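The next block is query.pdb, given as PDB, C-alpha atoms.
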MODEL        1
ATOM      1  CA  MET A  14      77.376-130.164  -0.761  1.00  0.00           C
ATOM      2  CA  LYS A  15      74.413-131.180   1.392  1.00  0.00           C
ATOM      3  CA  ILE A  16      71.112-129.758   0.124  1.00  0.00           C
ATOM      4  CA  ALA A  17      67.877-129.630   2.124  1.00  0.00           C
ATOM      5  CA  ILE A  18      64.633-130.832   0.539  1.00  0.00           C
ATOM      6  CA  GLU A  19      63.317-127.297   0.938  1.00  0.00           C
ATOM      7  CA  ASP A  20      66.034-126.106  -1.465  1.00  0.00           C
ATOM      8  CA  VAL A  21      65.118-128.562  -4.234  1.00  0.00           C
ATOM      9  CA  ASN A  22      63.625-126.823  -7.277  1.00  0.00           C
ATOM     10  CA  PHE A  23      60.395-128.713  -7.899  1.00  0.00           C
ATOM     11  CA  ASP A  24      58.503-127.661 -11.024  1.00  0.00           C
ATOM     12  CA  ALA A  25      55.155-125.850 -11.139  1.00  0.00           C
ATOM     13  CA  ALA A  26      53.374-129.150 -10.492  1.00  0.00           C
ATOM     14  CA  GLY A  27      55.563-129.793  -7.458  1.00  0.00           C
ATOM     15  CA  LEU A  28      57.539-132.548  -9.183  1.00  0.00           C
ATOM     16  CA  ILE A  29      61.159-133.286 -10.024  1.00  0.00           C
ATOM     17  CA  PRO A  30      62.408-135.824 -12.648  1.00  0.00           C
ATOM     18  CA  VAL A  31      64.386-138.729 -11.227  1.00  0.00           C
ATOM     19  CA  VAL A  32      66.881-140.912 -13.085  1.00  0.00           C
ATOM     20  CA  VAL A  33      67.219-144.260 -11.303  1.00  0.00           C
ATOM     21  CA  GLN A  34      70.527-146.071 -11.858  1.00  0.00           C
ATOM     22  CA  ASP A  35      71.900-149.419 -10.753  1.00  0.00           C
ATOM     23  CA  ALA A  36      74.591-148.497  -8.214  1.00  0.00           C
ATOM     24  CA  ARG A  37      76.796-151.397  -9.314  1.00  0.00           C
ATOM     25  CA  THR A  38      76.639-151.156 -13.107  1.00  0.00           C
ATOM     26  CA  ARG A  39      75.454-147.531 -13.471  1.00  0.00           C
ATOM     27  CA  ARG A  40      72.867-148.714 -15.987  1.00  0.00           C
ATOM     28  CA  VAL A  41      69.846-146.413 -16.147  1.00  0.00           C
ATOM     29  CA  LEU A  42      66.861-148.395 -14.893  1.00  0.00           C
ATOM     30  CA  THR A  43      63.995-145.946 -15.218  1.00  0.00           C
ATOM     31  CA  LEU A  44      62.913-142.307 -15.318  1.00  0.00           C
ATOM     32  CA  ALA A  45      60.227-141.297 -12.850  1.00  0.00           C
ATOM     33  CA  PHE A  46      59.032-138.305 -10.855  1.00  0.00           C
ATOM     34  CA  MET A  47      59.028-137.419  -7.179  1.00  0.00           C
ATOM     35  CA  ASN A  48      57.319-134.739  -5.145  1.00  0.00           C
ATOM     36  CA  ALA A  49      58.522-133.559  -1.754  1.00  0.00           C
ATOM     37  CA  GLU A  50      56.605-136.302   0.085  1.00  0.00           C
ATOM     38  CA  SER A  51      57.897-139.176  -2.032  1.00  0.00           C
ATOM     39  CA  LEU A  52      61.429-137.798  -1.782  1.00  0.00           C
ATOM     40  CA  ARG A  53      61.154-137.726   2.010  1.00  0.00           C
ATOM     41  CA  LYS A  54      59.799-141.287   2.041  1.00  0.00           C
ATOM     42  CA  THR A  55      62.661-142.381  -0.193  1.00  0.00           C
ATOM     43  CA  LEU A  56      65.211-140.868   2.170  1.00  0.00           C
ATOM     44  CA  ASP A  57      63.468-142.206   5.287  1.00  0.00           C
ATOM     45  CA  THR A  58      62.873-145.778   4.093  1.00  0.00           C
ATOM     46  CA  ARG A  59      65.951-146.101   1.838  1.00  0.00           C
ATOM     47  CA  GLU A  60      63.679-147.524  -0.858  1.00  0.00           C
ATOM     48  CA  THR A  61      62.326-145.654  -3.891  1.00  0.00           C
ATOM     49  CA  TRP A  62      58.976-143.889  -3.723  1.00  0.00           C
ATOM     50  CA  PHE A  63      57.599-141.920  -6.670  1.00  0.00           C
ATOM     51  CA  TRP A  64      54.661-139.769  -7.695  1.00  0.00           C
ATOM     52  CA  SER A  65      52.399-141.252 -10.362  1.00  0.00           C
ATOM     53  CA  ARG A  66      51.268-138.504 -12.708  1.00  0.00           C
ATOM     54  CA  SER A  67      48.605-140.729 -14.272  1.00  0.00           C
ATOM     55  CA  ARG A  68      47.056-141.768 -10.943  1.00  0.00           C
ATOM     56  CA  SER A  69      47.942-138.599  -9.021  1.00  0.00           C
ATOM     57  CA  SER A  70      49.188-140.650  -6.092  1.00  0.00           C
ATOM     58  CA  LEU A  71      52.323-141.889  -4.361  1.00  0.00           C
ATOM     59  CA  TRP A  72      53.659-145.309  -5.262  1.00  0.00           C
ATOM     60  CA  HIS A  73      56.292-147.473  -3.646  1.00  0.00           C
ATOM     61  CA  LYS A  74      58.441-149.306  -6.200  1.00  0.00           C
ATOM     62  CA  GLY A  75      58.000-153.052  -5.674  1.00  0.00           C
ATOM     63  CA  GLU A  76      55.034-152.772  -3.327  1.00  0.00           C
ATOM     64  CA  THR A  77      53.045-155.302  -5.360  1.00  0.00           C
ATOM     65  CA  SER A  78      55.742-156.947  -7.511  1.00  0.00           C
ATOM     66  CA  GLY A  79      58.366-157.311  -4.795  1.00  0.00           C
ATOM     67  CA  ASN A  80      60.940-155.715  -7.102  1.00  0.00           C
ATOM     68  CA  THR A  81      62.035-153.065  -4.630  1.00  0.00           C
ATOM     69  CA  GLN A  82      65.050-150.798  -5.019  1.00  0.00           C
ATOM     70  CA  ARG A  83      67.379-150.234  -2.058  1.00  0.00           C
ATOM     71  CA  VAL A  84      68.675-146.689  -2.179  1.00  0.00           C
ATOM     72  CA  VAL A  85      72.432-146.217  -1.977  1.00  0.00           C
ATOM     73  CA  ASP A  86      72.661-142.510  -2.758  1.00  0.00           C
ATOM     74  CA  VAL A  87      70.564-139.565  -3.923  1.00  0.00           C
ATOM     75  CA  LEU A  88      72.266-136.882  -6.016  1.00  0.00           C
ATOM     76  CA  LEU A  89      70.888-133.481  -6.996  1.00  0.00           C
ATOM     77  CA  ASP A  90      72.097-131.748 -10.169  1.00  0.00           C
ATOM     78  CA  CYS A  91      73.702-128.296 -10.254  1.00  0.00           C
ATOM     79  CA  ASP A  92      70.407-126.521 -11.025  1.00  0.00           C
ATOM     80  CA  ARG A  93      68.675-128.459  -8.247  1.00  0.00           C
ATOM     81  CA  ASP A  94      65.866-129.485 -10.609  1.00  0.00           C
ATOM     82  CA  ALA A  95      66.745-133.132 -11.362  1.00  0.00           C
ATOM     83  CA  LEU A  96      67.763-136.130  -9.267  1.00  0.00           C
ATOM     84  CA  THR A  97      69.804-139.261  -9.783  1.00  0.00           C
ATOM     85  CA  VAL A  98      69.030-142.102  -7.384  1.00  0.00           C
ATOM     86  CA  LEU A  99      71.556-144.932  -7.157  1.00  0.00           C
ATOM     87  CA  VAL A 100      69.944-148.197  -6.115  1.00  0.00           C
ATOM     88  CA  VAL A 101      70.530-151.902  -5.654  1.00  0.00           C
ATOM     89  CA  PRO A 102      67.502-153.491  -7.349  1.00  0.00           C
ATOM     90  CA  SER A 103      65.952-156.705  -6.068  1.00  0.00           C
ATOM     91  CA  GLY A 104      64.389-157.462  -9.444  1.00  0.00           C
ATOM     92  CA  PRO A 105      63.469-155.960 -12.816  1.00  0.00           C
ATOM     93  CA  ALA A 106      62.820-152.224 -12.898  1.00  0.00           C
ATOM     94  CA  CYS A 107      60.378-152.393 -15.799  1.00  0.00           C
ATOM     95  CA  HIS A 108      56.786-153.611 -15.603  1.00  0.00           C
ATOM     96  CA  THR A 109      57.521-155.696 -18.728  1.00  0.00           C
ATOM     97  CA  GLY A 110      59.994-157.792 -16.752  1.00  0.00           C
ATOM     98  CA  SER A 111      63.068-156.199 -18.318  1.00  0.00           C
ATOM     99  CA  GLU A 112      65.984-155.179 -16.148  1.00  0.00           C
ATOM    100  CA  SER A 113      65.670-151.596 -17.381  1.00  0.00           C
ATOM    101  CA  CYS A 114      62.784-149.614 -18.816  1.00  0.00           C
ATOM    102  CA  PHE A 115      65.245-148.487 -21.504  1.00  0.00           C
ATOM    103  CA  HIS A 116      65.366-151.662 -23.589  1.00  0.00           C
ATOM    104  CA  ASN A 117      63.915-150.544 -26.919  1.00  0.00           C
ATOM    105  CA  GLU A 118      66.591-149.667 -29.467  1.00  0.00           C
ATOM    106  CA  LEU A 119      66.010-146.770 -31.826  1.00  0.00           C
ATOM    107  CA  GLN A 120      66.587-147.714 -35.437  1.00  0.00           C
ATOM    108  CA  ASP A 121      70.223-147.075 -36.486  1.00  0.00           C
ATOM    109  CA  ALA A 122      71.083-145.889 -32.974  1.00  0.00           C
ATOM    110  CA  GLY A 123      74.209-148.020 -32.782  1.00  0.00           C
ATOM    111  CA  PRO A 124      75.879-150.147 -30.097  1.00  0.00           C
ATOM    112  CA  PHE A 125      75.972-147.635 -27.248  1.00  0.00           C
ATOM    113  CA  GLU A 126      74.545-149.928 -24.576  1.00  0.00           C
ATOM    114  CA  ASP A 127      77.378-152.392 -25.044  1.00  0.00           C
ATOM    115  CA  VAL A 128      80.271-149.963 -24.666  1.00  0.00           C
ATOM    116  CA  PRO A 129      81.832-150.033 -21.152  1.00  0.00           C
ATOM    117  CA  VAL A 130      81.538-146.504 -19.786  1.00  0.00           C
ATOM    118  CA  ALA A 131      82.510-147.054 -16.166  1.00  0.00           C
ATOM    119  CA  GLY A 132      85.612-148.388 -14.444  1.00  0.00           C
ATOM    120  CA  SER A 133      89.190-148.247 -15.683  1.00  0.00           C
ATOM    121  CA  THR A 134      90.407-145.580 -18.110  1.00  0.00           C
ATOM    122  CA  ASN A 135      93.280-147.843 -19.206  1.00  0.00           C
ATOM    123  CA  LEU A 136      92.641-148.715 -22.858  1.00  0.00           C
ATOM    124  CA  ALA A 137      93.823-152.329 -22.522  1.00  0.00           C
ATOM    125  CA  GLU A 138      91.515-152.904 -19.559  1.00  0.00           C
ATOM    126  CA  VAL A 139      88.617-151.205 -21.340  1.00  0.00           C
ATOM    127  CA  LEU A 140      89.113-153.445 -24.379  1.00  0.00           C
ATOM    128  CA  ASP A 141      89.323-156.522 -22.137  1.00  0.00           C
ATOM    129  CA  SER A 142      86.097-155.451 -20.448  1.00  0.00           C
ATOM    130  CA  LEU A 143      84.421-154.864 -23.802  1.00  0.00           C
ATOM    131  CA  TYR A 144      85.557-158.253 -25.103  1.00  0.00           C
ATOM    132  CA  ALA A 145      84.199-159.999 -21.994  1.00  0.00           C
ATOM    133  CA  LEU A 146      80.897-158.146 -22.343  1.00  0.00           C
ATOM    134  CA  VAL A 147      80.575-159.051 -26.024  1.00  0.00           C
ATOM    135  CA  GLU A 148      81.375-162.697 -25.182  1.00  0.00           C
ATOM    136  CA  SER A 149      78.609-162.705 -22.579  1.00  0.00           C
ATOM    137  CA  ARG A 150      76.175-161.197 -25.095  1.00  0.00           C
ATOM    138  CA  LYS A 151      76.965-163.990 -27.553  1.00  0.00           C
ATOM    139  CA  ARG A 152      76.524-166.600 -24.853  1.00  0.00           C
ATOM    140  CA  GLU A 153      73.415-165.237 -23.109  1.00  0.00           C
ATOM    141  CA  ARG A 154      71.677-163.366 -25.972  1.00  0.00           C
ATOM    142  CA  PRO A 155      69.737-160.882 -23.781  1.00  0.00           C
ATOM    143  CA  GLU A 156      66.694-159.398 -25.476  1.00  0.00           C
ATOM    144  CA  GLY A 157      67.047-155.789 -26.614  1.00  0.00           C
ATOM    145  CA  SER A 158      70.852-155.892 -26.880  1.00  0.00           C
ATOM    146  CA  TYR A 159      72.370-154.529 -30.089  1.00  0.00           C
ATOM    147  CA  THR A 160      75.170-157.070 -29.778  1.00  0.00           C
ATOM    148  CA  THR A 161      72.634-159.877 -29.513  1.00  0.00           C
ATOM    149  CA  TYR A 162      71.079-158.543 -32.711  1.00  0.00           C
ATOM    150  CA  LEU A 163      74.436-158.711 -34.506  1.00  0.00           C
ATOM    151  CA  PHE A 164      75.132-162.274 -33.393  1.00  0.00           C
ATOM    152  CA  ASP A 165      71.606-163.345 -34.306  1.00  0.00           C
ATOM    153  CA  GLN A 166      72.070-161.884 -37.797  1.00  0.00           C
ATOM    154  CA  GLY A 167      75.337-163.737 -38.250  1.00  0.00           C
ATOM    155  CA  LEU A 168      78.781-163.226 -39.764  1.00  0.00           C
ATOM    156  CA  ASP A 169      77.680-161.448 -42.931  1.00  0.00           C
ATOM    157  CA  LYS A 170      75.884-158.734 -40.932  1.00  0.00           C
ATOM    158  CA  ILE A 171      78.890-158.277 -38.644  1.00  0.00           C
ATOM    159  CA  LEU A 172      81.231-158.006 -41.610  1.00  0.00           C
ATOM    160  CA  LYS A 173      78.917-155.463 -43.222  1.00  0.00           C
ATOM    161  CA  LYS A 174      78.979-153.315 -40.071  1.00  0.00           C
ATOM    162  CA  VAL A 175      82.793-153.527 -39.864  1.00  0.00           C
ATOM    163  CA  GLY A 176      82.940-152.337 -43.478  1.00  0.00           C
ATOM    164  CA  GLU A 177      80.473-149.503 -42.858  1.00  0.00           C
ATOM    165  CA  GLU A 178      82.303-148.312 -39.742  1.00  0.00           C
ATOM    166  CA  SER A 179      85.644-148.489 -41.570  1.00  0.00           C
ATOM    167  CA  ALA A 180      84.268-146.275 -44.326  1.00  0.00           C
ATOM    168  CA  GLU A 181      82.787-143.813 -41.826  1.00  0.00           C
ATOM    169  CA  THR A 182      86.113-143.654 -39.977  1.00  0.00           C
ATOM    170  CA  ILE A 183      87.878-142.864 -43.254  1.00  0.00           C
ATOM    171  CA  ILE A 184      85.344-140.128 -44.061  1.00  0.00           C
ATOM    172  CA  ALA A 185      85.727-138.563 -40.617  1.00  0.00           C
ATOM    173  CA  ALA A 186      89.516-138.545 -41.017  1.00  0.00           C
ATOM    174  CA  LYS A 187      89.288-137.134 -44.539  1.00  0.00           C
ATOM    175  CA  ASN A 188      87.002-134.333 -43.316  1.00  0.00           C
ATOM    176  CA  ASP A 189      89.446-133.506 -40.509  1.00  0.00           C
ATOM    177  CA  ASP A 190      86.610-133.847 -37.980  1.00  0.00           C
ATOM    178  CA  ARG A 191      88.378-134.770 -34.733  1.00  0.00           C
ATOM    179  CA  ASN A 192      85.219-135.424 -32.702  1.00  0.00           C
ATOM    180  CA  ALA A 193      83.658-137.543 -35.435  1.00  0.00           C
ATOM    181  CA  LEU A 194      86.905-139.470 -35.875  1.00  0.00           C
ATOM    182  CA  VAL A 195      86.954-140.374 -32.171  1.00  0.00           C
ATOM    183  CA  LYS A 196      83.359-141.597 -32.318  1.00  0.00           C
ATOM    184  CA  GLU A 197      83.739-143.521 -35.569  1.00  0.00           C
ATOM    185  CA  SER A 198      86.992-145.097 -34.384  1.00  0.00           C
ATOM    186  CA  SER A 199      85.209-146.237 -31.231  1.00  0.00           C
ATOM    187  CA  ASP A 200      82.384-147.748 -33.282  1.00  0.00           C
ATOM    188  CA  LEU A 201      84.934-149.487 -35.503  1.00  0.00           C
ATOM    189  CA  LEU A 202      86.790-150.950 -32.513  1.00  0.00           C
ATOM    190  CA  TYR A 203      83.541-152.181 -31.020  1.00  0.00           C
ATOM    191  CA  HIS A 204      82.437-153.932 -34.219  1.00  0.00           C
ATOM    192  CA  LEU A 205      85.927-155.380 -34.680  1.00  0.00           C
ATOM    193  CA  VAL A 206      85.711-156.905 -31.190  1.00  0.00           C
ATOM    194  CA  VAL A 207      82.326-158.392 -32.126  1.00  0.00           C
ATOM    195  CA  LEU A 208      83.959-159.907 -35.212  1.00  0.00           C
ATOM    196  CA  LEU A 209      86.823-161.360 -33.172  1.00  0.00           C
ATOM    197  CA  VAL A 210      84.387-162.959 -30.735  1.00  0.00           C
ATOM    198  CA  GLU A 211      82.276-164.335 -33.598  1.00  0.00           C
ATOM    199  CA  ARG A 212      85.337-165.940 -35.188  1.00  0.00           C
ATOM    200  CA  GLY A 213      86.762-167.173 -31.871  1.00  0.00           C
ATOM    201  CA  LEU A 214      89.867-164.991 -31.847  1.00  0.00           C
ATOM    202  CA  SER A 215      91.140-163.480 -28.603  1.00  0.00           C
ATOM    203  CA  LEU A 216      92.597-160.049 -27.982  1.00  0.00           C
ATOM    204  CA  GLY A 217      95.692-161.881 -26.762  1.00  0.00           C
ATOM    205  CA  GLU A 218      96.299-163.272 -30.244  1.00  0.00           C
ATOM    206  CA  VAL A 219      96.097-159.779 -31.726  1.00  0.00           C
ATOM    207  CA  ARG A 220      98.368-158.452 -28.983  1.00  0.00           C
ATOM    208  CA  ASP A 221     100.956-161.161 -29.624  1.00  0.00           C
ATOM    209  CA  GLU A 222     100.980-160.340 -33.330  1.00  0.00           C
ATOM    210  CA  LEU A 223     101.486-156.634 -32.598  1.00  0.00           C
ATOM    211  CA  VAL A 224     104.284-157.436 -30.129  1.00  0.00           C
ATOM    212  CA  SER A 225     105.950-159.630 -32.746  1.00  0.00           C
ATOM    213  CA  ARG A 226     105.772-156.854 -35.319  1.00  0.00           C
ATOM    214  CA  GLY A 227     107.137-154.376 -32.796  1.00  0.00           C
ATOM    215  CA  LYS A 228     110.162-156.603 -32.181  1.00  0.00           C
ATOM    216  CA  LYS A 229     110.802-156.864 -35.919  1.00  0.00           C
ATOM    217  CA  GLU A 230     110.594-153.072 -36.266  1.00  0.00           C
ATOM    218  CA  LYS A 231     113.097-152.581 -33.423  1.00  0.00           C
ATOM    219  CA  ALA A 232     115.447-155.111 -35.014  1.00  0.00           C
ATOM    220  CA  ILE A 233     115.411-153.115 -38.237  1.00  0.00           C
ATOM    221  CA  ASN A 234     116.265-149.915 -36.383  1.00  0.00           C
TER     222      ASN A 234
ENDMDL
END

Whole structure given in structure tokens:
Amino acid sequence: MKIAIEDVNFDAAGLIPVVVQDARTRRVLTLAFMNAESLRKTLDTRETWFWSRSRSSLWHKGETSGNTQRVVDVLLDCDRDALTVLVVPSGPACHTGSESCFHNELQDAGPFEDVPVAGSTNLAEVLDSLYALVESRKRERPEGSYTTYLFDQGLDKILKKVGEESAETIIAAKNDDRNALVKESSDLLYHLVVLLVERGLSLGEVRDELVSRGKKEKAIN
């Protein structure tokens, strides 16, 4: 549905929160605010313009740094009081030089940033994507990544997390908590993939073992 700017529900201060996402990876880059003027400029120029609440003025992302954001799409939520702007960034979104402003991990928050959430819904493809991502984390060690933290801590830390997630999966199953079991199983799979990468084992080796066992089971039947 096409919505006119006049129908956007700006708040009492004339502002609307804006979630900026990388159009290619869907990673959240920043949270900012727009008023009607900055929204119009964003639509007209196809680059992001925001309203600075601290300076009470418009600002064009990348005007001084050169790290502009080319707008691909602008989406309004169902209540018409929040926006998502999909962009192709030409550089870091954060003034610190980080790709995203969301690079500080909350203590005990878990490995959410490293779980593939977009693309195929086929489990094998998702696991392949996760494995490739974890491999790249081990190789590149980007700052702020939970997976980087695990590899930096070493095998003992990874093994500890596999043990913890195994126990939490057992508890969720014992408590008959379906939602918790899904989440804990996902955490366990993630940490198991990290372990495989750390020890240099491929998903193909695990697959081949499972296929071999399946053939033995069929032979028995």

Determine, counting all atoms listed in the file, which protein, DNA and RNA residues have an atom within 9 Å of an atom of Glu50 (chain A); residues of the same chain fewer than 2 positions away are not included. Present the result as a compact mmCIF listing (two decimals) with C-alpha atoms, keeping the file's coordinate frame.
# COMPACT_ATOMS: atom_id res chain seq x y z
CA MET A 47 59.03 -137.42 -7.18
CA ASN A 48 57.32 -134.74 -5.14
CA LEU A 52 61.43 -137.80 -1.78
CA ARG A 53 61.15 -137.73 2.01
CA LYS A 54 59.80 -141.29 2.04
CA THR A 55 62.66 -142.38 -0.19
CA TRP A 62 58.98 -143.89 -3.72
CA PHE A 63 57.60 -141.92 -6.67
CA TRP A 64 54.66 -139.77 -7.70
CA LEU A 71 52.32 -141.89 -4.36

For the PyMOL selection byres ((chain A and resi 206) around 10), applied here, can you spell out every residue it catches as a CSV table (one decimal) with C-alpha atoms, keeping the file's coordinate frame?
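Full text of result.csv as output:
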chain,number,residue,atom,x,y,z
A,140,LEU,CA,89.1,-153.4,-24.4
A,141,ASP,CA,89.3,-156.5,-22.1
A,143,LEU,CA,84.4,-154.9,-23.8
A,144,TYR,CA,85.6,-158.3,-25.1
A,145,ALA,CA,84.2,-160.0,-22.0
A,147,VAL,CA,80.6,-159.1,-26.0
A,148,GLU,CA,81.4,-162.7,-25.2
A,175,VAL,CA,82.8,-153.5,-39.9
A,200,ASP,CA,82.4,-147.7,-33.3
A,201,LEU,CA,84.9,-149.5,-35.5
A,202,LEU,CA,86.8,-151.0,-32.5
A,203,TYR,CA,83.5,-152.2,-31.0
A,204,HIS,CA,82.4,-153.9,-34.2
A,205,LEU,CA,85.9,-155.4,-34.7
A,207,VAL,CA,82.3,-158.4,-32.1
A,208,LEU,CA,84.0,-159.9,-35.2
A,209,LEU,CA,86.8,-161.4,-33.2
A,210,VAL,CA,84.4,-163.0,-30.7
A,211,GLU,CA,82.3,-164.3,-33.6
A,212,ARG,CA,85.3,-165.9,-35.2
A,214,LEU,CA,89.9,-165.0,-31.8
A,215,SER,CA,91.1,-163.5,-28.6
A,216,LEU,CA,92.6,-160.0,-28.0

Quiz item: When the PyMOL selection byres ((chain A and resi 34) around 12) is applied to the file above, which residues end up in the set, as a VMD selection string?
Solution: chain A and resid 31 to 33 35 to 45 61 82 to 88 96 to 102 106 112 to 115

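Separating CA of Glu19 (chain A) from CA of Ala49 (chain A) is a distance of 8.3 Å.
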
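Proximity ranking of A:Gly213, A:Pro30, A:Gly79, A:Gly104 relative to Ser65 (chain A) places A:Pro30 first, based on only C-alpha atoms.
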
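Nearest to His116 (chain A) of all the residues A:Gly27, A:Asn80, A:Gly157, A:Leu168 is A:Gly157, counting only C-alpha atoms.
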
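Counting all atoms listed in the file, the residue from A:Val224, A:Val195, A:Ala180, A:Ile16 that sits nearest to Arg93 (chain A) is A:Ile16.
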
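Between CA of Ala95 (chain A) and CA of Thr81 (chain A) there is a distance of 21.6 Å.
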
Quiz item: CA of Val21 (chain A) to CA of Asp92 (chain A): how many Å, to one decimal?
Solution: 8.8 Å

Quiz item: Looking at A:Gly176, A:Arg220, A:Ser51, A:Leu146, which one is nearest to Thr160 (chain A), with distances taken over only C-alpha atoms?
Solution: A:Leu146

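Counting all atoms listed in the file and comparing A:Asn135, A:Lys229, A:Lys151, A:Ala17, the residue that lies closest to Gly167 (chain A) is A:Lys151.
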